[in-house]
Amino acid sequence: MEDWLSEPSSAPCRNTQCCVSLSVPVRTEPSRIMRLRSCCVYSAGVLCILLLIAGIAMALTQVFEKLINNKIKEQVVLENGTEAFSVWEDPPPPVYMQFYFFNLTNPAEVLNGDKPVVLQIGPYTYREYRPKEEVKFMDNGTRVAAVNPKTYVFEPNMSSGSEADIVRTVDIPVVTVMEKFKDNIVIRRIISDLMKANSIGIFGTFRVGDLLWGYEDPLLKLIKNILQIDDHFGLFYKKNGTDDGEYVVFTGKKNYQDFARIDEWNGQSTLNWWTTEGCNMINGTDGASFHPIIKKTEKLYIFSSDLCRSIYAQFESEVSVRGVSGFRFVPPSEVFANLTINPDNAGFCVPAGNCLGSGLLNVSVCKEDAPIIMSSPHFYQADDKFAQDVFGMNPNKEEHETLIDVNPLTGMLLRGAKRVQVNVYLHQIPGFSQTGKIRTLVFPVMYLNESVVIDEESARKLYTVVTEANVIINIPFIVISVGILLGVVFIVFMCRQQTPLSTEAERQPLLSS
């Protein structure tokens, strides 16, 4: 008994069934696990390939981007109930109008032939309210008409002075009257004598508020009964609480690129001030709205009634406003370049052939023959001679460039700044001794900065829309990333499978006690 117990168990099993049942688990379990592991590994490999193919195919066909774009095109339409119509009808972001004046410090010397020396004062800031009124849809909702009255309310806390501040500058009505009647000997003599008798010159002092919104001009008062003209003048005379005419715009219902594009202004589809068809075209929107799905390669056209013409802006850089991504568009120098640089501007030479230098626009034809010249502030992007003719001009891009920051997906305006300078053309006028020995120059009167930045609430809503759209658009790349991850897993497990399993003997320690 003891011997039997002490002997090693080397006798063969007498129960064959027992031997089989005991040996099967030991030999088949690792094999089954290996087969299962191989199945998982190869499944990961196949799934990796399928995901990569699907992701690359979706990325190349831009299926999700097209889906988002189509959805945006359907929603960005001017019709009752849409967010786009609500924003167009009554823009929520506050708009501010800032006025900067150039105070002339040496009027006597200028009349004697010296260069003007001016000192910039301002800003005088106004909150601008511009809800659209008299809205009516036309042509089965494909066009909509409205007027856009603008109301300005002075903001003392955002201004460097009051509307009672005094500024010395050119008397625009006086210069206008002299220019208008310089070739009529009789009327010219009468006007000149009236100016001498009443000590009226080409320069005067004015309250800021009067110069903007209107005052009774002494010379106009003297001749109003003779010439049947209004005796009041102001740079924005009768423009506070009034509109600049009816606009008819496309709703974007037929074509998303026509969203808010002007079809007619004051009943006309073209202008009649300029000498070529191209220059008389009314192109683009009013600058407050743009079509969705904007590309960097396109031009954004804007019609400005202040400039009496259409302009365009080109992509400059990518920006972020209140966390929302956008494209910055700016008007290139070619927009106001002279005839030799941009032949398309030939129609803006008025009278025909009378062309100014680059950076200037003669708008006298649409400003009741007043010798008004428009430019960028401080003659930015204009020929150097205009800034050099006046001491006090310091043009720079940051402060004086017009810009538009727009979200490319929705076309919503993120930030905008329209910067325009009002100048007067001065020269010696025969028959009017009041012009003295003044040199021929373009005299800066003031410039405005009409600016807007998207409000925080609108920015939050837009950020949510853009973020959701970006997630959906990037689904193909997410799929590709998962496919790559599975590919890495597949390679790792394949490498491990290629490593031979160690035997029982190889797993024994080299040294034993």
# chains A, B, ... in the order shown; residues from 1 in each chain; ligands from 1
call {"tool": "residues_around", "arguments": {"residues": "stretch 427-430 of chain A", "least_positions_apart": "5", "cutoff": "12 Å", "atoms": "only C-alpha atoms", "output": "list in words"}}
result
Val110, Leu111, Asn112, Gly113, Val175, Thr176, Val177, Met178, Glu179, Lys180, Phe181, Lys182, Asp183, Asn184, Ile185, Arg188, Arg189, Ser192, Ile202, Pro371, Thr435, Gly436, Lys437, Ile438, Arg439, Thr440, Leu441, Val442 and Phe443 of chain A
call {"tool": "write_last_selection", "arguments": {"atoms": "C-alpha atoms", "output": "mmCIF file, in the first residue's frame"}}
result
data_model
loop_
_atom_site.group_PDB
_atom_site.id
_atom_site.type_symbol
_atom_site.label_atom_id
_atom_site.label_comp_id
_atom_site.auth_asym_id
_atom_site.auth_seq_id
_atom_site.Cartn_x
_atom_site.Cartn_y
_atom_site.Cartn_z
ATOM 1 C CA VAL A 110 -3.899 129.643 -46.464
ATOM 2 C CA LEU A 111 -5.488 132.569 -48.317
ATOM 3 C CA ASN A 112 -1.979 133.896 -48.808
ATOM 4 C CA GLY A 113 -0.807 130.677 -50.473
ATOM 5 C CA VAL A 175 -17.646 127.650 -52.142
ATOM 6 C CA THR A 176 -20.581 125.876 -53.817
ATOM 7 C CA VAL A 177 -22.258 129.142 -54.785
ATOM 8 C CA MET A 178 -19.006 130.571 -56.147
ATOM 9 C CA GLU A 179 -18.368 127.442 -58.225
ATOM 10 C CA LYS A 180 -21.911 127.368 -59.528
ATOM 11 C CA PHE A 181 -22.001 130.980 -60.758
ATOM 12 C CA LYS A 182 -18.351 131.629 -61.606
ATOM 13 C CA ASP A 183 -19.167 131.763 -65.318
ATOM 14 C CA ASN A 184 -22.170 134.098 -64.953
ATOM 15 C CA ILE A 185 -20.654 137.575 -64.819
ATOM 16 C CA ARG A 188 -21.004 136.466 -59.867
ATOM 17 C CA ARG A 189 -20.622 140.212 -59.311
ATOM 18 C CA SER A 192 -19.123 138.841 -54.610
ATOM 19 C CA ILE A 202 -14.532 130.928 -47.673
ATOM 20 C CA PRO A 371 -17.481 120.593 -54.963
ATOM 21 C CA THR A 435 -10.235 133.113 -52.688
ATOM 22 C CA GLY A 436 -7.084 135.255 -52.476
ATOM 23 C CA LYS A 437 -3.884 133.438 -53.382
ATOM 24 C CA ILE A 438 -5.100 130.069 -52.190
ATOM 25 C CA ARG A 439 -3.306 127.136 -53.753
ATOM 26 C CA THR A 440 -5.252 124.445 -55.585
ATOM 27 C CA LEU A 441 -5.866 121.622 -53.137
ATOM 28 C CA VAL A 442 -8.346 119.093 -51.768
ATOM 29 C CA PHE A 443 -9.227 120.381 -48.298
#
call {"tool": "residues_around", "arguments": {"residues": "A:Phe490", "least_positions_apart": "2", "cutoff": "6 Å", "atoms": "only C-alpha atoms", "output": "list in words"}}
result
Val41, Ala44, Gly45, Gly487, Val488, Val492 and Phe493 of chain A
call {"tool": "select_by_dssp", "arguments": {"residues": "stretch 414-487 of chain A", "states": "strand (DSSP E or B)", "output": "list in words"}}
result
Leu414, Arg415, Gly416, Ala417, Lys418, Arg419, Val420, Gln421, Val422, Asn423, Val424, Tyr425, Leu426, Leu441, Val442, Phe443, Pro444, Val445, Met446, Tyr447, Leu448, Asn449, Glu450, Ser451, Val452 and Val453 of chain A
call {"tool": "write_last_selection", "arguments": {"atoms": "C-alpha atoms", "output": "short mmCIF file (atom, residue, chain, number, x, y, z; two decimals), in the first residue's frame"}}
result
data_model
loop_
_atom_site.label_atom_id
_atom_site.label_comp_id
_atom_site.auth_asym_id
_atom_site.auth_seq_id
_atom_site.Cartn_x
_atom_site.Cartn_y
_atom_site.Cartn_z
CA LEU A 414 -19.45 90.06 -37.42
CA ARG A 415 -17.80 93.46 -37.57
CA GLY A 416 -17.83 96.33 -40.01
CA ALA A 417 -16.32 99.78 -40.32
CA LYS A 418 -17.15 102.22 -43.11
CA ARG A 419 -14.61 105.03 -43.05
CA VAL A 420 -15.12 107.91 -45.45
CA GLN A 421 -13.72 111.44 -45.58
CA VAL A 422 -15.50 114.53 -46.91
CA ASN A 423 -13.25 117.02 -48.70
CA VAL A 424 -13.79 120.22 -50.67
CA TYR A 425 -11.98 121.18 -53.83
CA LEU A 426 -10.43 124.65 -53.38
CA LEU A 441 -5.87 121.62 -53.14
CA VAL A 442 -8.35 119.09 -51.77
CA PHE A 443 -9.23 120.38 -48.30
CA PRO A 444 -10.30 117.81 -45.63
CA VAL A 445 -13.43 118.81 -43.69
CA MET A 446 -14.22 115.73 -41.64
CA TYR A 447 -14.35 111.95 -41.76
CA LEU A 448 -16.80 109.44 -40.38
CA ASN A 449 -16.42 105.96 -38.96
CA GLU A 450 -19.66 103.99 -39.08
CA SER A 451 -18.96 100.79 -37.14
CA VAL A 452 -20.74 97.73 -35.80
CA VAL A 453 -19.69 94.65 -33.83
#
call {"tool": "residues_around", "arguments": {"residues": "A:Gly392", "least_positions_apart": "5", "cutoff": "9 Å", "atoms": "only C-alpha atoms", "output": "VMD selection string"}}
result
chain A and resid 102 116 to 120 378 387
call {"tool": "closest_residue", "arguments": {"among": "A:Phe432, A:Phe137, A:Tyr256, A:Phe101", "to": "A:Glu74", "atoms": "only C-alpha atoms"}}
result
A:Tyr256
call {"tool": "residues_around", "arguments": {"residues": "stretch 56-69 of chain A", "least_positions_apart": "6", "cutoff": "7 Å", "atoms": "only C-alpha atoms", "output": "number ranges by chain"}}
result
A: 293, 469, 472-473, 476, 480
call {"tool": "write_last_selection", "arguments": {"atoms": "N, CA and C atoms", "output": "PDB file, in the first residue's frame"}}
result
ATOM      1  N   ILE A 293     -22.439  81.013 -47.437  1.00  0.00           N
ATOM      2  CA  ILE A 293     -21.445  80.203 -48.162  1.00  0.00           C
ATOM      3  C   ILE A 293     -20.512  81.105 -48.972  1.00  0.00           C
ATOM      4  N   ALA A 469     -22.180  72.772 -37.127  1.00  0.00           N
ATOM      5  CA  ALA A 469     -21.894  72.548 -38.550  1.00  0.00           C
ATOM      6  C   ALA A 469     -20.495  71.977 -38.742  1.00  0.00           C
ATOM      7  N   ILE A 472     -20.420  68.251 -37.889  1.00  0.00           N
ATOM      8  CA  ILE A 472     -21.019  67.431 -38.943  1.00  0.00           C
ATOM      9  C   ILE A 472     -20.116  67.380 -40.180  1.00  0.00           C
ATOM     10  N   ILE A 473     -19.553  68.510 -40.543  1.00  0.00           N
ATOM     11  CA  ILE A 473     -18.675  68.563 -41.725  1.00  0.00           C
ATOM     12  C   ILE A 473     -17.440  67.689 -41.523  1.00  0.00           C
ATOM     13  N   PRO A 476     -16.424  62.831 -41.789  1.00  0.00           N
ATOM     14  CA  PRO A 476     -15.525  61.977 -42.583  1.00  0.00           C
ATOM     15  C   PRO A 476     -14.136  61.850 -41.963  1.00  0.00           C
ATOM     16  N   ILE A 480     -12.230  58.555 -40.599  1.00  0.00           N
ATOM     17  CA  ILE A 480     -10.866  58.212 -41.021  1.00  0.00           C
ATOM     18  C   ILE A 480      -9.965  58.003 -39.809  1.00  0.00           C
TER      19      ILE A 480
END
